[in-house]
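Undergrad: Enclosed is the structure file my_file31.cif (mmCIF, C-alpha atoms and all ligand atoms).
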data_run
loop_
_atom_site.group_PDB
_atom_site.id
_atom_site.type_symbol
_atom_site.label_atom_id
_atom_site.label_comp_id
_atom_site.auth_asym_id
_atom_site.auth_seq_id
_atom_site.Cartn_x
_atom_site.Cartn_y
_atom_site.Cartn_z
ATOM 1 C CA MET A 425 0.000 0.000 0.000
ATOM 2 C CA ALA A 426 1.369 3.441 -0.916
ATOM 3 C CA ALA A 427 2.348 5.891 1.862
ATOM 4 C CA THR A 428 -0.050 8.719 2.788
ATOM 5 C CA ALA A 429 0.363 11.915 0.855
ATOM 6 C CA THR A 430 0.507 15.637 1.517
ATOM 7 C CA LYS A 431 -0.923 18.246 -0.834
ATOM 8 C CA LEU A 432 1.444 20.802 -2.412
ATOM 9 C CA SER A 433 0.381 24.363 -3.211
ATOM 10 C CA SER A 434 0.252 23.338 -6.887
ATOM 11 C CA GLY A 435 -2.585 20.996 -5.889
ATOM 12 C CA HIS A 436 -0.558 17.854 -6.574
ATOM 13 C CA GLU A 437 -0.097 15.164 -3.925
ATOM 14 C CA MET A 438 3.370 14.201 -2.672
ATOM 15 C CA PRO A 439 3.685 10.803 -0.942
ATOM 16 C CA ALA A 440 4.859 11.511 2.604
ATOM 17 C CA VAL A 441 7.599 8.858 2.539
ATOM 18 C CA GLY A 442 10.069 8.614 -0.312
ATOM 19 C CA LEU A 443 13.385 7.015 -1.175
ATOM 20 C CA GLY A 444 16.380 9.358 -1.373
ATOM 21 C CA VAL A 445 19.001 8.206 -3.857
ATOM 22 C CA TRP A 446 21.944 10.381 -2.765
ATOM 23 C CA ARG A 447 25.135 8.319 -2.311
ATOM 24 C CA MET A 448 23.352 5.241 -3.669
ATOM 25 C CA ASP A 449 25.865 3.125 -5.491
ATOM 26 C CA SER A 450 25.038 3.212 -9.249
ATOM 27 C CA ALA A 451 25.213 -0.574 -9.526
ATOM 28 C CA ALA A 452 22.692 -0.968 -6.687
ATOM 29 C CA VAL A 453 20.117 1.566 -7.971
ATOM 30 C CA ARG A 454 18.087 -0.806 -10.186
ATOM 31 C CA GLY A 455 17.624 -3.454 -7.464
ATOM 32 C CA LEU A 456 16.874 -0.921 -4.741
ATOM 33 C CA ILE A 457 14.316 0.990 -6.828
ATOM 34 C CA HIS A 458 12.504 -2.183 -7.851
ATOM 35 C CA SER A 459 12.524 -3.455 -4.236
ATOM 36 C CA ALA A 460 11.248 -0.055 -3.082
ATOM 37 C CA LEU A 461 8.420 -0.142 -5.635
ATOM 38 C CA ARG A 462 7.439 -3.640 -4.496
ATOM 39 C CA ALA A 463 7.507 -2.406 -0.875
ATOM 40 C CA GLY A 464 5.055 0.396 -1.776
ATOM 41 C CA TYR A 465 7.368 3.395 -2.320
ATOM 42 C CA ARG A 466 5.979 5.782 -4.926
ATOM 43 C CA HIS A 467 8.176 8.838 -4.287
ATOM 44 C CA PHE A 468 11.853 9.086 -5.329
ATOM 45 C CA ASP A 469 14.127 11.998 -4.441
ATOM 46 C CA CYS A 470 16.850 12.469 -7.045
ATOM 47 C CA ALA A 471 19.255 15.239 -8.082
ATOM 48 C CA ALA A 472 21.501 15.914 -11.049
ATOM 49 C CA ASP A 473 24.361 16.149 -8.565
ATOM 50 C CA TYR A 474 23.737 12.627 -7.217
ATOM 51 C CA LYS A 475 25.141 11.486 -10.577
ATOM 52 C CA ASN A 476 22.829 8.495 -10.875
ATOM 53 C CA GLU A 477 19.826 9.918 -12.753
ATOM 54 C CA ALA A 478 20.545 7.644 -15.743
ATOM 55 C CA GLU A 479 20.523 4.529 -13.536
ATOM 56 C CA VAL A 480 17.297 5.685 -11.853
ATOM 57 C CA GLY A 481 15.813 6.318 -15.321
ATOM 58 C CA ASP A 482 16.712 2.817 -16.540
ATOM 59 C CA ALA A 483 15.210 1.257 -13.409
ATOM 60 C CA LEU A 484 11.990 3.263 -13.813
ATOM 61 C CA ALA A 485 11.691 2.515 -17.535
ATOM 62 C CA GLU A 486 11.998 -1.199 -16.798
ATOM 63 C CA ALA A 487 9.388 -0.927 -14.038
ATOM 64 C CA PHE A 488 6.952 0.769 -16.463
ATOM 65 C CA GLU A 489 7.635 -1.797 -19.215
ATOM 66 C CA THR A 490 7.088 -4.788 -16.939
ATOM 67 C CA GLY A 491 3.926 -3.263 -15.453
ATOM 68 C CA LEU A 492 5.411 -3.038 -11.932
ATOM 69 C CA VAL A 493 4.080 0.537 -11.680
ATOM 70 C CA LYS A 494 2.583 3.270 -13.855
ATOM 71 C CA ARG A 495 4.266 6.631 -14.361
ATOM 72 C CA GLU A 496 1.216 8.523 -13.143
ATOM 73 C CA ASP A 497 1.366 6.683 -9.815
ATOM 74 C CA LEU A 498 4.901 7.948 -9.087
ATOM 75 C CA PHE A 499 6.194 11.210 -7.662
ATOM 76 C CA ILE A 500 9.661 11.980 -9.038
ATOM 77 C CA THR A 501 11.738 14.890 -7.755
ATOM 78 C CA THR A 502 15.067 16.046 -9.088
ATOM 79 C CA LYS A 503 17.182 19.155 -8.530
ATOM 80 C CA LEU A 504 18.901 21.905 -10.482
ATOM 81 C CA TRP A 505 22.619 22.024 -9.718
ATOM 82 C CA ASN A 506 24.490 25.242 -8.839
ATOM 83 C CA SER A 507 26.420 25.384 -12.125
ATOM 84 C CA ASP A 508 23.206 25.254 -14.185
ATOM 85 C CA HIS A 509 21.351 28.295 -12.762
ATOM 86 C CA GLY A 510 21.909 30.114 -16.060
ATOM 87 C CA HIS A 511 20.670 27.080 -18.070
ATOM 88 C CA VAL A 512 17.517 25.999 -16.235
ATOM 89 C CA VAL A 513 15.518 24.734 -19.225
ATOM 90 C CA GLU A 514 18.449 22.806 -20.701
ATOM 91 C CA ALA A 515 19.339 21.331 -17.299
ATOM 92 C CA CYS A 516 15.761 20.224 -16.690
ATOM 93 C CA LYS A 517 15.581 18.638 -20.148
ATOM 94 C CA ASP A 518 18.910 16.896 -19.499
ATOM 95 C CA SER A 519 17.577 15.446 -16.218
ATOM 96 C CA LEU A 520 14.359 14.357 -17.947
ATOM 97 C CA LYS A 521 16.382 12.635 -20.654
ATOM 98 C CA LYS A 522 18.529 10.792 -18.109
ATOM 99 C CA LEU A 523 15.491 9.859 -16.007
ATOM 100 C CA ARG A 524 13.661 8.799 -19.228
ATOM 101 C CA LEU A 525 10.596 10.832 -18.236
ATOM 102 C CA ASP A 526 8.560 13.458 -20.048
ATOM 103 C CA TYR A 527 7.701 15.453 -16.919
ATOM 104 C CA LEU A 528 8.889 15.831 -13.320
ATOM 105 C CA ASP A 529 6.561 15.992 -10.348
ATOM 106 C CA LEU A 530 8.874 18.396 -8.540
ATOM 107 C CA TYR A 531 11.989 20.314 -9.581
ATOM 108 C CA LEU A 532 13.978 22.015 -6.835
ATOM 109 C CA ILE A 533 16.746 24.595 -6.831
ATOM 110 C CA HIS A 534 19.280 22.421 -4.985
ATOM 111 C CA PHE A 535 21.209 25.292 -3.329
ATOM 112 C CA PRO A 536 20.701 29.072 -3.332
ATOM 113 C CA VAL A 537 23.951 29.739 -5.166
ATOM 114 C CA ALA A 538 24.837 30.054 -8.855
ATOM 115 C CA THR A 539 28.358 28.900 -9.670
ATOM 116 C CA LYS A 540 30.401 28.951 -12.860
ATOM 117 C CA HIS A 541 28.720 26.946 -15.638
ATOM 118 C CA THR A 542 30.582 23.748 -16.447
ATOM 119 C CA GLY A 543 28.320 22.310 -19.175
ATOM 120 C CA VAL A 544 24.662 21.297 -18.829
ATOM 121 C CA GLY A 545 24.154 18.414 -16.397
ATOM 122 C CA THR A 546 27.858 18.040 -15.645
ATOM 123 C CA THR A 547 27.307 19.237 -12.050
ATOM 124 C CA GLY A 548 30.750 20.779 -11.770
ATOM 125 C CA SER A 549 32.339 21.377 -8.393
ATOM 126 C CA ALA A 550 31.064 24.461 -6.586
ATOM 127 C CA LEU A 551 34.712 25.261 -5.767
ATOM 128 C CA GLY A 552 37.077 26.963 -8.192
ATOM 129 C CA ASP A 553 40.669 25.750 -8.756
ATOM 130 C CA ASP A 554 41.718 27.906 -5.788
ATOM 131 C CA GLY A 555 39.314 26.043 -3.468
ATOM 132 C CA VAL A 556 37.042 29.087 -3.154
ATOM 133 C CA LEU A 557 33.313 28.966 -4.030
ATOM 134 C CA ASP A 558 33.161 29.947 -7.707
ATOM 135 C CA ILE A 559 30.077 32.202 -7.626
ATOM 136 C CA ASP A 560 28.617 33.518 -10.883
ATOM 137 C CA THR A 561 27.605 37.025 -9.839
ATOM 138 C CA THR A 562 25.756 37.670 -13.128
ATOM 139 C CA ILE A 563 22.818 35.414 -12.189
ATOM 140 C CA THR A 564 20.339 36.380 -9.468
ATOM 141 C CA LEU A 565 18.236 33.822 -7.608
ATOM 142 C CA GLU A 566 15.208 35.700 -8.898
ATOM 143 C CA THR A 567 16.273 35.013 -12.499
ATOM 144 C CA THR A 568 16.688 31.335 -11.649
ATOM 145 C CA TRP A 569 13.258 31.186 -10.005
ATOM 146 C CA HIS A 570 11.509 32.800 -12.988
ATOM 147 C CA ALA A 571 13.184 30.262 -15.280
ATOM 148 C CA MET A 572 11.859 27.521 -12.963
ATOM 149 C CA GLU A 573 8.367 29.053 -13.329
ATOM 150 C CA ASP A 574 8.724 28.824 -17.114
ATOM 151 C CA LEU A 575 9.216 25.051 -16.760
ATOM 152 C CA VAL A 576 5.737 24.792 -15.239
ATOM 153 C CA SER A 577 4.140 26.672 -18.149
ATOM 154 C CA MET A 578 6.114 24.511 -20.590
ATOM 155 C CA GLY A 579 4.595 21.392 -18.985
ATOM 156 C CA LEU A 580 8.003 19.961 -18.093
ATOM 157 C CA VAL A 581 7.410 20.065 -14.309
ATOM 158 C CA ARG A 582 4.289 20.050 -12.150
ATOM 159 C CA SER A 583 5.648 21.789 -9.049
ATOM 160 C CA ILE A 584 8.757 23.803 -8.307
ATOM 161 C CA GLY A 585 10.501 24.422 -5.023
ATOM 162 C CA ILE A 586 13.607 25.456 -3.157
ATOM 163 C CA SER A 587 16.115 23.543 -1.055
ATOM 164 C CA ASN A 588 18.760 24.695 1.433
ATOM 165 C CA TYR A 589 17.283 28.240 1.492
ATOM 166 C CA ASP A 590 17.357 29.935 4.886
ATOM 167 C CA ILE A 591 14.381 31.877 6.183
ATOM 168 C CA PHE A 592 15.565 35.187 4.666
ATOM 169 C CA LEU A 593 16.156 33.788 1.183
ATOM 170 C CA THR A 594 12.806 31.983 1.412
ATOM 171 C CA ARG A 595 11.003 35.222 2.262
ATOM 172 C CA ASP A 596 12.858 37.004 -0.524
ATOM 173 C CA CYS A 597 11.750 34.296 -2.966
ATOM 174 C CA LEU A 598 8.143 34.683 -1.816
ATOM 175 C CA ALA A 599 8.356 38.391 -2.667
ATOM 176 C CA TYR A 600 9.276 37.856 -6.341
ATOM 177 C CA ALA A 601 7.671 34.471 -7.029
ATOM 178 C CA LYS A 602 4.668 34.343 -9.368
ATOM 179 C CA ILE A 603 4.424 30.635 -8.487
ATOM 180 C CA LYS A 604 5.142 30.451 -4.746
ATOM 181 C CA PRO A 605 7.297 27.631 -3.411
ATOM 182 C CA ALA A 606 5.142 25.420 -1.196
ATOM 183 C CA SER A 607 5.195 26.476 2.466
ATOM 184 C CA LEU A 608 4.272 24.400 5.509
ATOM 185 C CA ALA A 609 1.384 26.749 6.375
ATOM 186 C CA GLU A 610 -0.114 26.329 2.888
ATOM 187 C CA LYS A 611 0.275 22.590 3.177
ATOM 188 C CA TYR A 612 -2.029 22.610 6.202
ATOM 189 C CA GLY A 613 -4.376 25.238 4.757
ATOM 190 C CA LYS A 614 -3.507 27.504 7.716
ATOM 191 C CA THR A 615 -1.743 30.839 8.200
ATOM 192 C CA PRO A 616 1.920 30.976 9.368
ATOM 193 C CA ALA A 617 0.671 32.334 12.716
ATOM 194 C CA GLN A 618 -1.697 29.393 13.175
ATOM 195 C CA LEU A 619 1.114 27.000 12.326
ATOM 196 C CA VAL A 620 3.506 28.380 14.981
ATOM 197 C CA LEU A 621 0.737 28.505 17.603
ATOM 198 C CA ARG A 622 -0.208 24.919 16.863
ATOM 199 C CA TRP A 623 3.492 23.987 17.073
ATOM 200 C CA GLY A 624 3.603 25.396 20.579
ATOM 201 C CA LEU A 625 0.411 23.593 21.603
ATOM 202 C CA GLN A 626 1.701 20.268 20.312
ATOM 203 C CA ARG A 627 4.782 20.782 22.527
ATOM 204 C CA ASN A 628 2.389 21.088 25.488
ATOM 205 C CA THR A 629 3.146 24.785 25.779
ATOM 206 C CA VAL A 630 0.473 27.335 26.709
ATOM 207 C CA VAL A 631 0.315 30.063 24.041
ATOM 208 C CA ILE A 632 -0.828 33.637 24.776
ATOM 209 C CA PRO A 633 -0.639 35.591 21.492
ATOM 210 C CA LYS A 634 -1.575 39.254 21.821
ATOM 211 C CA THR A 635 -3.444 40.978 18.998
ATOM 212 C CA SER A 636 -5.193 44.291 18.560
ATOM 213 C CA LYS A 637 -7.201 43.001 15.579
ATOM 214 C CA VAL A 638 -10.484 41.153 16.017
ATOM 215 C CA GLU A 639 -9.954 39.033 12.899
ATOM 216 C CA ARG A 640 -6.640 37.876 14.326
ATOM 217 C CA LEU A 641 -8.296 36.982 17.648
ATOM 218 C CA GLU A 642 -10.377 34.534 15.642
ATOM 219 C CA GLU A 643 -7.435 33.351 13.541
ATOM 220 C CA ASN A 644 -5.319 32.661 16.630
ATOM 221 C CA PHE A 645 -8.107 30.664 18.224
ATOM 222 C CA ALA A 646 -8.746 28.453 15.173
ATOM 223 C CA VAL A 647 -5.855 26.111 15.913
ATOM 224 C CA PHE A 648 -7.633 22.997 17.168
ATOM 225 C CA ASP A 649 -8.804 21.494 13.885
ATOM 226 C CA PHE A 650 -5.467 20.207 12.546
ATOM 227 C CA ASP A 651 -2.337 18.307 13.594
ATOM 228 C CA ILE A 652 1.226 19.059 12.506
ATOM 229 C CA SER A 653 3.017 15.830 11.590
ATOM 230 C CA VAL A 654 5.992 14.686 13.707
ATOM 231 C CA GLU A 655 8.290 15.324 10.736
ATOM 232 C CA ASP A 656 7.017 18.893 10.248
ATOM 233 C CA MET A 657 7.279 19.554 14.020
ATOM 234 C CA GLU A 658 11.001 18.767 13.657
ATOM 235 C CA LYS A 659 11.349 20.998 10.590
ATOM 236 C CA ILE A 660 9.939 23.949 12.505
ATOM 237 C CA LYS A 661 12.187 23.169 15.483
ATOM 238 C CA ALA A 662 15.190 23.222 13.146
ATOM 239 C CA LEU A 663 14.446 26.901 12.352
ATOM 240 C CA ASP A 664 15.657 27.810 15.866
ATOM 241 C CA ARG A 665 18.203 30.656 15.713
ATOM 242 C CA ASN A 666 18.716 30.735 19.482
ATOM 243 C CA TYR A 667 17.304 34.281 19.444
ATOM 244 C CA ARG A 668 15.395 35.943 22.318
ATOM 245 C CA THR A 669 12.997 38.757 21.461
ATOM 246 C CA ASN A 670 12.806 39.827 25.113
ATOM 247 C CA GLN A 671 16.323 41.043 25.931
ATOM 248 C CA PRO A 672 16.695 42.577 29.407
ATOM 249 C CA ALA A 673 20.350 43.337 28.645
ATOM 250 C CA LYS A 674 19.126 46.014 26.206
ATOM 251 C CA PHE A 675 16.594 47.545 28.643
ATOM 252 C CA TRP A 676 18.476 47.261 31.941
ATOM 253 C CA GLY A 677 22.123 46.873 30.907
ATOM 254 C CA SER A 678 22.339 43.554 32.700
ATOM 255 C CA ASN A 679 22.243 40.255 30.823
ATOM 256 C CA LEU A 680 20.225 37.802 32.935
ATOM 257 C CA TYR A 681 20.997 34.988 30.511
ATOM 258 C CA ALA A 682 24.802 35.277 30.255
HETATM 259 N N1 LIG B 1 18.148 18.837 -0.748
HETATM 260 C C1 LIG B 1 19.304 18.515 -0.231
HETATM 261 O O1 LIG B 1 20.262 19.296 -0.248
HETATM 262 C C2 LIG B 1 19.458 17.193 0.452
HETATM 263 C C3 LIG B 1 20.465 17.032 1.413
HETATM 264 C C4 LIG B 1 20.597 15.794 2.042
HETATM 265 C C5 LIG B 1 19.744 14.758 1.683
HETATM 266 N N2 LIG B 1 18.777 14.928 0.733
HETATM 267 C C6 LIG B 1 17.876 13.817 0.332
HETATM 268 O O2 LIG B 1 17.516 13.097 1.494
HETATM 269 C C7 LIG B 1 17.886 11.727 1.319
HETATM 270 C C8 LIG B 1 18.276 11.131 2.659
HETATM 271 O O3 LIG B 1 19.357 11.852 3.232
HETATM 272 P P1 LIG B 1 20.673 11.193 3.822
HETATM 273 O O4 LIG B 1 21.073 10.059 2.965
HETATM 274 O O5 LIG B 1 21.643 12.259 4.080
HETATM 275 O O6 LIG B 1 20.234 10.726 5.255
HETATM 276 P P2 LIG B 1 19.281 9.643 5.881
HETATM 277 O O7 LIG B 1 18.346 9.040 4.892
HETATM 278 O O8 LIG B 1 18.726 10.302 7.079
HETATM 279 O O9 LIG B 1 20.302 8.554 6.373
HETATM 280 C C9 LIG B 1 20.857 7.604 5.539
HETATM 281 C C10 LIG B 1 21.704 6.728 6.419
HETATM 282 O O10 LIG B 1 20.856 6.098 7.392
HETATM 283 C C11 LIG B 1 21.031 4.691 7.318
HETATM 284 N N3 LIG B 1 19.725 4.096 7.551
HETATM 285 C C12 LIG B 1 18.649 4.129 6.733
HETATM 286 N N4 LIG B 1 17.603 3.499 7.268
HETATM 287 C C13 LIG B 1 18.014 3.049 8.487
HETATM 288 C C14 LIG B 1 17.392 2.303 9.495
HETATM 289 N N5 LIG B 1 16.110 1.905 9.371
HETATM 290 N N6 LIG B 1 18.107 2.002 10.601
HETATM 291 C C15 LIG B 1 19.393 2.421 10.722
HETATM 292 N N7 LIG B 1 20.044 3.141 9.794
HETATM 293 C C16 LIG B 1 19.369 3.436 8.677
HETATM 294 C C17 LIG B 1 21.583 4.403 5.937
HETATM 295 O O11 LIG B 1 22.431 3.297 5.958
HETATM 296 P P3 LIG B 1 22.244 2.093 4.946
HETATM 297 O O12 LIG B 1 22.250 2.692 3.567
HETATM 298 O O13 LIG B 1 23.399 1.242 5.224
HETATM 299 O O14 LIG B 1 20.932 1.475 5.303
HETATM 300 C C18 LIG B 1 22.414 5.651 5.649
HETATM 301 O O15 LIG B 1 23.692 5.559 6.188
HETATM 302 C C19 LIG B 1 19.017 11.746 0.283
HETATM 303 O O16 LIG B 1 19.149 10.515 -0.401
HETATM 304 C C20 LIG B 1 18.560 12.851 -0.622
HETATM 305 O O17 LIG B 1 17.621 12.347 -1.549
HETATM 306 C C21 LIG B 1 18.620 16.137 0.121
#
Spit out the file's structure as C-alpha cells when you get a sec.
TA:
Amino acid sequence: MAATATKLSSGHEMPAVGLGVWRMDSAAVRGLIHSALRAGYRHFDCAADYKNEAEVGDALAEAFETGLVKREDLFITTKLWNSDHGHVVEACKDSLKKLRLDYLDLYLIHFPVATKHTGVGTTGSALGDDGVLDIDTTITLETTWHAMEDLVSMGLVRSIGISNYDIFLTRDCLAYAKIKPASLAEKYGKTPAQLVLRWGLQRNTVVIPKTSKVERLEENFAVFDFDISVEDMEKIKALDRNYRTNQPAKFWGSNLYA
C-alpha cells in the first residue's frame, strides 16, 4: 500500500515517505528501486548532482515496461545544480532525458547559489581551482526562479521548489515568485501564525498571542482542527536561531541569561 500523501500548493499530492538516492551506489540503484516499488514506495528523491539519474531512469523505464508501476502513480523529484542556474531549461531537459521521463513531479533549486557553468548536467564542483566557491555574480536567484516558473508553463514540471534556502532567502523568494514555493502553512491550509501557535500547543506549551485586531483573535483561536506531523514539528524546530525577542540586557544593561 502506498504511503499517505501531503498536498502541495500546486494541488498535486506528494507521498509523505520517499526514497532518497543520494550516495546510492550506481550498480545498486536498479535493485533498490525495484525493491522499493514492491515495498510500496511511490516517491523518489533524485538530483543531477547525485550522478545516478541515468541509472534511476533505466530502473523506472523497466518498471513501467514490466507493469510493476505506472508513471502517473509515481512522484519523481530532481534538482537543479548550482552550475546550471543560467541554463535551467536545458538542465531540466537533461535530467528528464537521463530519467527517461517526459515530466517531473517536482523540480527544486538544490542550493541558493549560482556557480560557474561547467556544461549542462555536468554538475561541476562548486569550488574553483583555488578552493574558493566559484560564484557567478551575473545570475540572481530571482532570475533562476523565474526560469523555474517557465518550466511549469512549458509542462516539463508540475511543481517547483527550493532547497537549502534559509528563512531570509525563502522570504525574498516569496516576494518575487509568481508561483510560490510550497510552504508548511499552505500545506495545512492555515496561516503561518496558526502554524507556529499549533506547534507550541503540540509541545504542550500554553500560548498567549496578543493581537489588537479582532480578525486575528479569531485566527489565533482556530488552531484545534489540525495536527502538525511529527516530521514537520522537527522541521519547525530546526528553524531555531537561538534568538530571544525579550532582551533585558538592552533595557536594563544587565544580561540575565549570560
Ligand atoms: N536537498 C538537499 O540538499 C538534500 C540534502 C541531504 C539529503 N537529501 C535527500 O535526502 C535523502 C536522505 O538523506 P541522507 O542520505 O543524508 O540521510 P538519511 O536518509 O537520514 O540517512 C541515511 C543513512 O541512514 C542509514 N539508515 C537508513 N535506514 C536506516 C534504518 N532503518 N536504521 C538504521 N540506519 C538506517 C543508511 O544506511 P544504509 O544505507 O546502510 O541502510 C544511511 O547511512 C538523500 O538521499 C537525498 O535524496 C537532500
Undergrad: If you count all atoms listed in the file, which residues end up within 7 Å of ligand LIG 1 (chain B), as a PyMOL selection string?
TA: chain A and resi 443-447+469-470+534-535+587-588
Undergrad: Expressed in Å to a single decimal, how great is the separation between CA of Leu532 (chain A) and CA of Arg495 (chain A)?
TA: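 Spanning CA of Leu532 (chain A) to CA of Arg495 (chain A) is a straight-line distance of 19.7 Å.
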Undergrad: Show me, as a PyMOL selection string, the residues that have an atom within 9 Å of region 473-487 of chain A when counting only C-alpha atoms, minus same-chain residues fewer than 6 positions from it.
TA: chain A and resi 445-451+453-455+457-458+461+493-495+502-505+519-525+534+545-548
Undergrad: For a quick check of understanding, using all atoms listed in the file, which of A:Thr490, A:Thr615, A:Thr542, A:Ser459 has the smallest distance to Ala515 (chain A)?
TA: A:Thr542
Undergrad: Can you pull out every residue within 12 Å of region 555-560 of chain A, counting only C-alpha atoms, but drop anything in the same chain fewer than 3 positions away, and send it as number ranges by chain?
TA: A: 506-510, 536-542, 548-552, 563-565
Undergrad: Enter the distance from CA of Thr501 (chain A) to CA of Ala609 (chain A), in Å, rounded to one decimal.
TA: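 It comes out at 21.2 Å.
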Undergrad: Could you state the separation of CA of Asp529 (chain A) and CA of Glu658 (chain A) in Å, given to one decimal place?
TA: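 Straight-line distance from CA of Asp529 (chain A) to CA of Glu658 (chain A) works out to 24.6 Å.
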Undergrad: Which one of A:Leu598, A:Leu619, A:Leu432, A:Val638 sits closest to Leu530 (chain A) if you count all atoms listed in the file?
TA: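 Residue with the minimum atom-to-atom distance to Leu530 (chain A): A:Leu432.
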Undergrad: Quick one: which residues end up in the PyMOL selection byres (((chain A and resi 600) around 12) and not hetatm) for this structure, as a short mmCIF file (atom, residue, chain, number, x, y, z; two decimals) with C-alpha atoms, in the frame of the given file?
TA:
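Writing done, so here's part_25.cif:
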data_model
loop_
_atom_site.label_atom_id
_atom_site.label_comp_id
_atom_site.auth_asym_id
_atom_site.auth_seq_id
_atom_site.Cartn_x
_atom_site.Cartn_y
_atom_site.Cartn_z
CA THR A 564 20.34 36.38 -9.47
CA LEU A 565 18.24 33.82 -7.61
CA GLU A 566 15.21 35.70 -8.90
CA THR A 567 16.27 35.01 -12.50
CA THR A 568 16.69 31.34 -11.65
CA TRP A 569 13.26 31.19 -10.01
CA HIS A 570 11.51 32.80 -12.99
CA GLU A 573 8.37 29.05 -13.33
CA LEU A 593 16.16 33.79 1.18
CA THR A 594 12.81 31.98 1.41
CA ARG A 595 11.00 35.22 2.26
CA ASP A 596 12.86 37.00 -0.52
CA CYS A 597 11.75 34.30 -2.97
CA LEU A 598 8.14 34.68 -1.82
CA ALA A 599 8.36 38.39 -2.67
CA ALA A 601 7.67 34.47 -7.03
CA LYS A 602 4.67 34.34 -9.37
CA ILE A 603 4.42 30.64 -8.49
CA LYS A 604 5.14 30.45 -4.75
CA PRO A 605 7.30 27.63 -3.41
#
Undergrad: Ranking A:Leu498, A:Val513, A:Ala471, A:Ala452 by minimum distance to Pro439 (chain A) and counting only C-alpha atoms, which one comes first?
TA: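 Nearest candidate to Pro439 (chain A) out of A:Leu498, A:Val513, A:Ala471, A:Ala452: A:Leu498.
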Undergrad: Counting all atoms listed in the file, which of A:Gly613, A:Gly579, A:Gly491, A:Gly543 gets nearest to His511 (chain A)?
TA: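 Using all atoms listed in the file, His511 (chain A) sits closest to A:Gly543.
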Undergrad: When distances are computed from all atoms listed in the file, which of A:Tyr531, A:Phe488, A:Tyr681, A:Tyr612 shows the smallest separation from Ile584 (chain A)?
TA: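 Distance minimum relative to Ile584 (chain A) lands on A:Tyr531.
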Undergrad: So which residues touch Ala662 (chain A) within 12 Å, counting all atoms listed in the file, skipping near sequence neighbours fewer than 5 positions away, as a list in words?
TA: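 These residues fall inside the cut-off: Asp590, Ile591, Glu655, Asp656 and Met657 of chain A.
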Undergrad: Of the residues A:Ala429, A:Val647, A:Leu621, A:Ala472, which is the one nearest to Ile660 (chain A), using all atoms listed in the file?
TA: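 Using all atoms listed in the file, Ile660 (chain A) sits closest to A:Leu621.
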Undergrad: Give me the residues within 10 Å of Leu680 (chain A) as JSON, numbers by chain, counting only C-alpha atoms and dropping any in the same chain fewer than 6 places off.
TA: {"A": [671, 672, 673]}
Undergrad: Expanded to explicit residues, what is the PyMOL selection byres (((chain A and resi 650) around 9) and not hetatm) for this file, as number ranges by chain?
TA: A: 612, 614, 622, 647-649, 651-652
